[in-house]
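Novice: What follows is structure.cif; its format and atoms are mmCIF, C-alpha atoms and all ligand atoms.
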data_run
#
loop_
_atom_site.label_atom_id
_atom_site.label_comp_id
_atom_site.auth_asym_id
_atom_site.auth_seq_id
_atom_site.Cartn_x
_atom_site.Cartn_y
_atom_site.Cartn_z
CA MET A 643 4.57 27.55 1.48
CA LEU A 644 2.33 26.03 -1.18
CA ASP A 645 2.44 28.90 -3.65
CA SER A 646 3.24 27.13 -6.92
CA ALA A 647 2.99 23.81 -8.75
CA HIS A 648 6.69 23.30 -8.00
CA ALA A 649 6.17 23.83 -4.27
CA LEU A 650 3.20 21.49 -4.33
CA LEU A 651 5.17 18.78 -6.12
CA GLU A 652 8.00 19.19 -3.62
CA ASP A 653 5.56 18.70 -0.75
CA LEU A 654 4.04 15.62 -2.39
CA ILE A 655 7.45 14.06 -3.04
CA LYS A 656 8.58 14.65 0.55
CA ASP A 657 5.41 12.98 1.79
CA LEU A 658 5.92 9.99 -0.51
CA TYR A 659 9.58 9.68 0.40
CA SER A 660 8.67 9.44 4.07
CA ALA A 661 5.82 7.02 3.29
CA GLU A 662 8.04 4.67 1.28
CA LYS A 663 10.84 4.73 3.87
CA GLN A 664 8.38 3.78 6.59
CA LEU A 665 7.03 0.99 4.39
CA LEU A 666 10.56 -0.36 3.84
CA LYS A 667 10.70 -1.11 7.56
CA ALA A 668 7.18 -2.54 7.80
CA LEU A 669 7.17 -4.94 4.83
CA PRO A 670 9.70 -7.48 6.23
CA LYS A 671 7.53 -7.73 9.37
CA MET A 672 4.42 -8.25 7.27
CA ALA A 673 6.18 -10.96 5.23
CA LYS A 674 7.19 -12.66 8.47
CA ALA A 675 3.66 -12.47 9.89
CA ALA A 676 2.02 -13.92 6.76
CA THR A 677 1.35 -17.67 6.54
CA THR A 678 0.18 -18.20 2.94
CA PRO A 679 3.41 -18.72 0.94
CA ASP A 680 2.23 -16.62 -2.02
CA LEU A 681 1.39 -13.76 0.36
CA LYS A 682 4.83 -13.95 1.99
CA ARG A 683 6.35 -13.80 -1.50
CA ALA A 684 4.11 -10.88 -2.51
CA PHE A 685 5.31 -8.85 0.49
CA GLN A 686 8.94 -9.76 -0.25
CA THR A 687 8.55 -8.80 -3.90
CA HIS A 688 6.94 -5.52 -2.92
CA LEU A 689 9.83 -4.84 -0.56
CA LYS A 690 12.22 -5.05 -3.53
CA GLU A 691 9.95 -2.75 -5.53
CA THR A 692 9.73 -0.33 -2.60
CA GLU A 693 13.53 -0.07 -2.54
CA VAL A 694 13.32 1.05 -6.17
CA HIS A 695 10.50 3.48 -5.33
CA VAL A 696 12.69 5.17 -2.71
CA GLU A 697 15.52 5.41 -5.28
CA ARG A 698 13.16 6.93 -7.83
CA LEU A 699 12.00 9.56 -5.33
CA ALA A 700 15.63 10.45 -4.57
CA GLU A 701 16.22 10.72 -8.32
CA LEU A 702 13.12 12.91 -8.66
CA ALA A 703 14.33 15.17 -5.86
CA ASP A 704 17.64 15.52 -7.73
CA MET A 705 15.89 16.29 -11.01
CA LEU A 706 13.71 18.94 -9.39
CA ASP A 707 16.49 20.33 -7.21
CA ILE A 708 14.73 19.69 -3.93
CA LYS A 709 15.54 17.76 -0.75
CA PRO A 710 13.36 14.68 -0.23
CA GLY A 711 13.62 14.53 3.58
CA GLY A 712 12.27 16.64 6.38
CA LYS A 713 8.63 15.58 6.39
CA LYS A 714 6.81 12.72 8.08
CA CYS A 715 3.90 11.07 6.33
CA GLU A 716 1.44 10.71 9.21
CA ALA A 717 -1.04 8.80 7.08
CA MET A 718 1.49 6.01 6.42
CA ALA A 719 2.44 5.96 10.11
CA GLY A 720 -1.25 5.36 10.93
CA LEU A 721 -1.71 2.71 8.26
CA ILE A 722 1.39 0.85 9.43
CA ALA A 723 0.22 1.08 13.04
CA GLU A 724 -3.00 -0.62 11.96
CA GLY A 725 -1.00 -3.34 10.22
CA GLN A 726 1.02 -3.85 13.39
CA GLU A 727 -2.19 -4.25 15.37
CA VAL A 728 -3.10 -7.13 13.05
CA MET A 729 0.30 -8.75 13.57
CA GLY A 730 -0.28 -8.71 17.32
CA GLU A 731 -3.57 -10.58 17.07
CA ASP A 732 -4.04 -14.22 18.00
CA GLY A 733 -6.36 -16.36 15.94
CA ASP A 734 -6.78 -18.23 12.71
CA GLU A 735 -3.71 -17.91 10.46
CA LEU A 736 -5.72 -17.34 7.32
CA CYS A 737 -7.96 -14.75 9.01
CA ILE A 738 -4.78 -12.94 9.97
CA ASP A 739 -3.54 -13.23 6.38
CA ALA A 740 -6.82 -11.72 5.16
CA ALA A 741 -6.45 -8.87 7.66
CA LEU A 742 -2.81 -8.34 6.57
CA ILE A 743 -3.95 -8.12 2.95
CA GLY A 744 -6.58 -5.57 3.98
CA ALA A 745 -3.97 -3.48 5.79
CA ALA A 746 -1.56 -3.71 2.84
CA GLN A 747 -4.26 -2.69 0.38
CA LYS A 748 -5.04 0.42 2.45
CA VAL A 749 -1.35 1.28 2.08
CA GLU A 750 -1.45 0.65 -1.68
CA HIS A 751 -4.56 2.76 -2.12
CA TYR A 752 -2.94 5.63 -0.24
CA GLU A 753 0.13 5.38 -2.46
CA ILE A 754 -1.92 5.08 -5.64
CA SER A 755 -3.72 8.33 -4.88
CA ALA A 756 -0.55 10.11 -3.76
CA TYR A 757 1.47 9.04 -6.84
CA GLY A 758 -1.47 9.88 -9.10
CA THR A 759 -1.66 13.40 -7.70
CA ALA A 760 2.12 13.92 -7.91
CA ARG A 761 2.20 12.62 -11.50
CA THR A 762 -0.56 15.03 -12.56
CA VAL A 763 1.15 17.99 -10.87
CA ALA A 764 4.42 17.08 -12.64
CA GLN A 765 2.55 17.05 -15.94
CA ARG A 766 1.10 20.51 -15.14
CA LEU A 767 4.67 21.70 -14.55
CA GLY A 768 5.64 20.43 -17.97
CA ARG A 769 8.05 17.94 -16.37
CA ALA A 770 7.42 14.86 -18.50
CA ASP A 771 10.60 13.29 -17.11
CA ALA A 772 9.35 13.53 -13.52
CA ALA A 773 5.83 12.47 -14.53
CA ALA A 774 7.22 9.33 -16.20
CA LEU A 775 9.09 8.26 -13.06
CA LEU A 776 6.03 8.83 -10.89
CA GLU A 777 3.88 6.95 -13.39
CA ALA A 778 6.26 3.96 -13.33
CA THR A 779 5.85 3.62 -9.57
CA LEU A 780 2.11 4.26 -9.79
CA GLU A 781 1.75 1.29 -12.15
CA GLU A 782 3.69 -0.98 -9.78
CA GLU A 783 1.49 0.06 -6.84
CA LYS A 784 -1.61 -0.72 -8.91
CA ALA A 785 -0.21 -4.11 -9.92
CA THR A 786 0.56 -4.93 -6.27
CA ASP A 787 -2.96 -3.95 -5.25
CA GLU A 788 -4.42 -6.22 -7.93
CA LYS A 789 -2.14 -9.09 -6.94
CA LEU A 790 -3.34 -8.74 -3.33
CA THR A 791 -6.98 -8.75 -4.43
CA GLY A 792 -6.33 -11.96 -6.36
CA LEU A 793 -4.60 -13.63 -3.42
CA SER A 794 -7.39 -12.65 -1.08
CA THR A 795 -10.29 -13.77 -3.24
CA GLU A 796 -8.69 -16.91 -4.69
CA GLN A 797 -6.60 -18.32 -1.85
CA VAL A 798 -7.24 -16.73 1.51
CA LEU A 799 -10.91 -15.83 1.85
CA PRO A 800 -12.25 -19.17 0.49
CA ALA A 801 -10.25 -21.00 3.18
CA ILE A 802 -11.05 -18.97 6.30
CA PRO A 803 -13.38 -20.59 8.85
CA ILE A 804 -17.00 -19.49 8.96
CA ASP A 805 -18.86 -19.97 12.19
CA GLU A 806 -22.50 -21.07 12.24
CA GLU A 807 -23.95 -17.67 12.99
CA ASP A 808 -22.08 -16.21 10.04
CA GLU A 809 -23.38 -18.95 7.80
CA VAL A 810 -26.96 -17.96 8.64
CA SER A 811 -26.35 -14.31 7.88
CA ALA A 812 -24.47 -15.25 4.70
CA ALA A 813 -27.39 -17.40 3.47
CA PRO A 814 -28.75 -16.52 0.04
CA ALA A 815 -31.68 -14.11 -0.13
CA GLY A 816 -35.02 -15.77 0.46
CA ARG A 817 -33.86 -17.82 3.42
CA SER A 818 -34.83 -16.37 6.73
CA SER A 819 -32.21 -14.46 8.61
CA ARG A 820 -32.78 -12.54 11.76
CA ARG A 821 -29.82 -10.31 11.08
CA ARG A 822 -30.72 -7.51 8.69
FE FE B 1 5.86 2.17 -3.36
#
Please rewrite the model in this file as structure tokens.
Ligand SMILES: [Fe+2]
Specialist:
Amino acid sequence: MLDSAHALLEDLIKDLYSAEKQLLKALPKMAKAATTPDLKRAFQTHLKETEVHVERLAELADMLDIKPGGKKCEAMAGLIAEGQEVMGEDGDELCIDAALIGAAQKVEHYEISAYGTARTVAQRLGRADAAALLEATLEEEKATDEKLTGLSTEQVLPAIPIDEEDEVSAAPAGRSSRRR
């Protein structure tokens, strides 16, 4: 029952614990599916960070005297399912890398909002110790998101093939395009 800030924080931590555990299983597959070496490395690095995130959540559960298990994060299950769809696609390797980055950034954005909420609830509870742990992970999720944006815009997107029709629609304003 969500009848207090403590109960709410417990619910949020259970959700995150499930989310991170699911991600632990998905990240090695994403690293394997990626072609761009820096992207492979980014997924491997985030796997190491995710191991720490799971440990922090277990530590938080200890601090707050709650059990972290017993809940499934359906949102993460859906986001990972979308990532798996990408891995099953045939096509241009860099297009697939761009799609993998997109899927990973959806995951990061979910986590950023979830950790942000949990951090603020911990602050409301007066638990600066819990808030600090949640904040530490939040910052790492944000840094990962930014790293992925950089990889996408600097390495992957500039190198993906553009077919002729796309070139017409991507023409600068002023040139005629039938696609509006
Ligand atoms: Fe995480």
Novice: Write out as a list in words each polymer residue (protein, DNA or RNA) that has an atom no more than 9 Å from ligand FE 1 (chain B), with only C-alpha atoms and all ligand atoms counted.
Specialist: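 Listed by chain and ascending number, the contacts are Leu658, Ala661, Glu662, Leu665, Leu666, His688, Leu689, Glu691, Thr692, Glu693, Val694, His695, Val696, Glu750, Glu753, Ile754, Tyr757, Thr779, Leu780, Glu782 and Glu783 of chain A.
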Novice: By how many Å are atom CA of Gln726 of chain A and atom CA of Ala801 of chain A apart?
Specialist: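 Between atom CA of Gln726 of chain A and atom CA of Ala801 of chain A the gap works out to 22.9 Å.
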Novice: So, counting all atoms listed in the file, which residue among A:Ala723, A:Ala746, A:Ala741, A:Leu651 is closest to Pro710 of chain A?
Specialist: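 Once distances to Pro710 of chain A are computed over all atoms listed in the file, the minimum belongs to A:Leu651.
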Novice: Rounded to one decimal, what separation in Å do you get between atom CA of Glu735 of chain A and atom CA of Leu793 of chain A?
Specialist: 14.6 Å
Novice: One decimal, in Å: what's the spacing between atom CA of Leu736 of chain A and atom CA of Glu724 of chain A?
Specialist: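 That distance, rounded to one decimal, is 17.6 Å.
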Novice: Rank nothing, just name the residue among A:Leu775, A:Leu669, A:Ala676, A:Val763 nearest to Glu652 of chain A, using all atoms listed in the file.
Specialist: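 Using all atoms listed in the file, the shortest distance to Glu652 of chain A belongs to A:Val763.
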Novice: Just checking: using all atoms listed in the file, which residue out of A:Ala756, A:Glu697, A:Leu654, A:Thr678 ends up closest to Glu796 of chain A?
Specialist: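 Checking each candidate against Glu796 of chain A, we get A:Thr678 as the closest.
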Novice: Choose the residue, out of A:Val749, A:Ser755, A:Arg698, A:Leu644, that has the smallest atom-to-atom separation from Met718 of chain A; count all atoms listed in the file.
Specialist: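 Looking at the shortest contact to Met718 of chain A, the residue is A:Val749.
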Novice: Write out as number ranges by chain which residues come within 12 Å of Lys674 of chain A when counting only C-alpha atoms, dropping same-chain ones fewer than 5 positions away.
Specialist: A: 668-669, 679, 681-686, 726, 729, 739, 742
Novice: Pick out the closest residue to Ala785 of chain A from this set: A:Ala772, A:Val728, A:Gln747, A:Ile802. Count all atoms listed in the file.
Specialist: A:Gln747
Novice: In terms of the shortest atom-to-atom distance over only C-alpha atoms, which of A:Asp653, A:Asp734, A:Asp680, A:Glu701 is closest to Lys713 of chain A?
Specialist: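 Of A:Asp653, A:Asp734, A:Asp680, A:Glu701, the one nearest Lys713 of chain A is A:Asp653, counting only C-alpha atoms.
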Novice: List the residues sitting within 9 Å of (6.4, 16.6, -13.0) in the file's frame, using all atoms listed in the file, as a PDB file with C-alpha atoms, keeping the file's coordinate frame.
Specialist:
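point-v9.pdb, freshly written:
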ATOM      1  CA  HIS A 648       6.690  23.300  -8.000  1.00  0.00           C
ATOM      2  CA  LEU A 651       5.170  18.780  -6.120  1.00  0.00           C
ATOM      3  CA  LEU A 702      13.120  12.910  -8.660  1.00  0.00           C
ATOM      4  CA  LEU A 706      13.710  18.940  -9.390  1.00  0.00           C
ATOM      5  CA  ALA A 760       2.120  13.920  -7.910  1.00  0.00           C
ATOM      6  CA  ARG A 761       2.200  12.620 -11.500  1.00  0.00           C
ATOM      7  CA  THR A 762      -0.560  15.030 -12.560  1.00  0.00           C
ATOM      8  CA  VAL A 763       1.150  17.990 -10.870  1.00  0.00           C
ATOM      9  CA  ALA A 764       4.420  17.080 -12.640  1.00  0.00           C
ATOM     10  CA  GLN A 765       2.550  17.050 -15.940  1.00  0.00           C
ATOM     11  CA  ARG A 766       1.100  20.510 -15.140  1.00  0.00           C
ATOM     12  CA  LEU A 767       4.670  21.700 -14.550  1.00  0.00           C
ATOM     13  CA  GLY A 768       5.640  20.430 -17.970  1.00  0.00           C
ATOM     14  CA  ARG A 769       8.050  17.940 -16.370  1.00  0.00           C
ATOM     15  CA  ALA A 770       7.420  14.860 -18.500  1.00  0.00           C
ATOM     16  CA  ASP A 771      10.600  13.290 -17.110  1.00  0.00           C
ATOM     17  CA  ALA A 772       9.350  13.530 -13.520  1.00  0.00           C
ATOM     18  CA  ALA A 773       5.830  12.470 -14.530  1.00  0.00           C
ATOM     19  CA  ALA A 774       7.220   9.330 -16.200  1.00  0.00           C
ATOM     20  CA  LEU A 775       9.090   8.260 -13.060  1.00  0.00           C
ATOM     21  CA  LEU A 776       6.030   8.830 -10.890  1.00  0.00           C
TER      22      LEU A 776
END
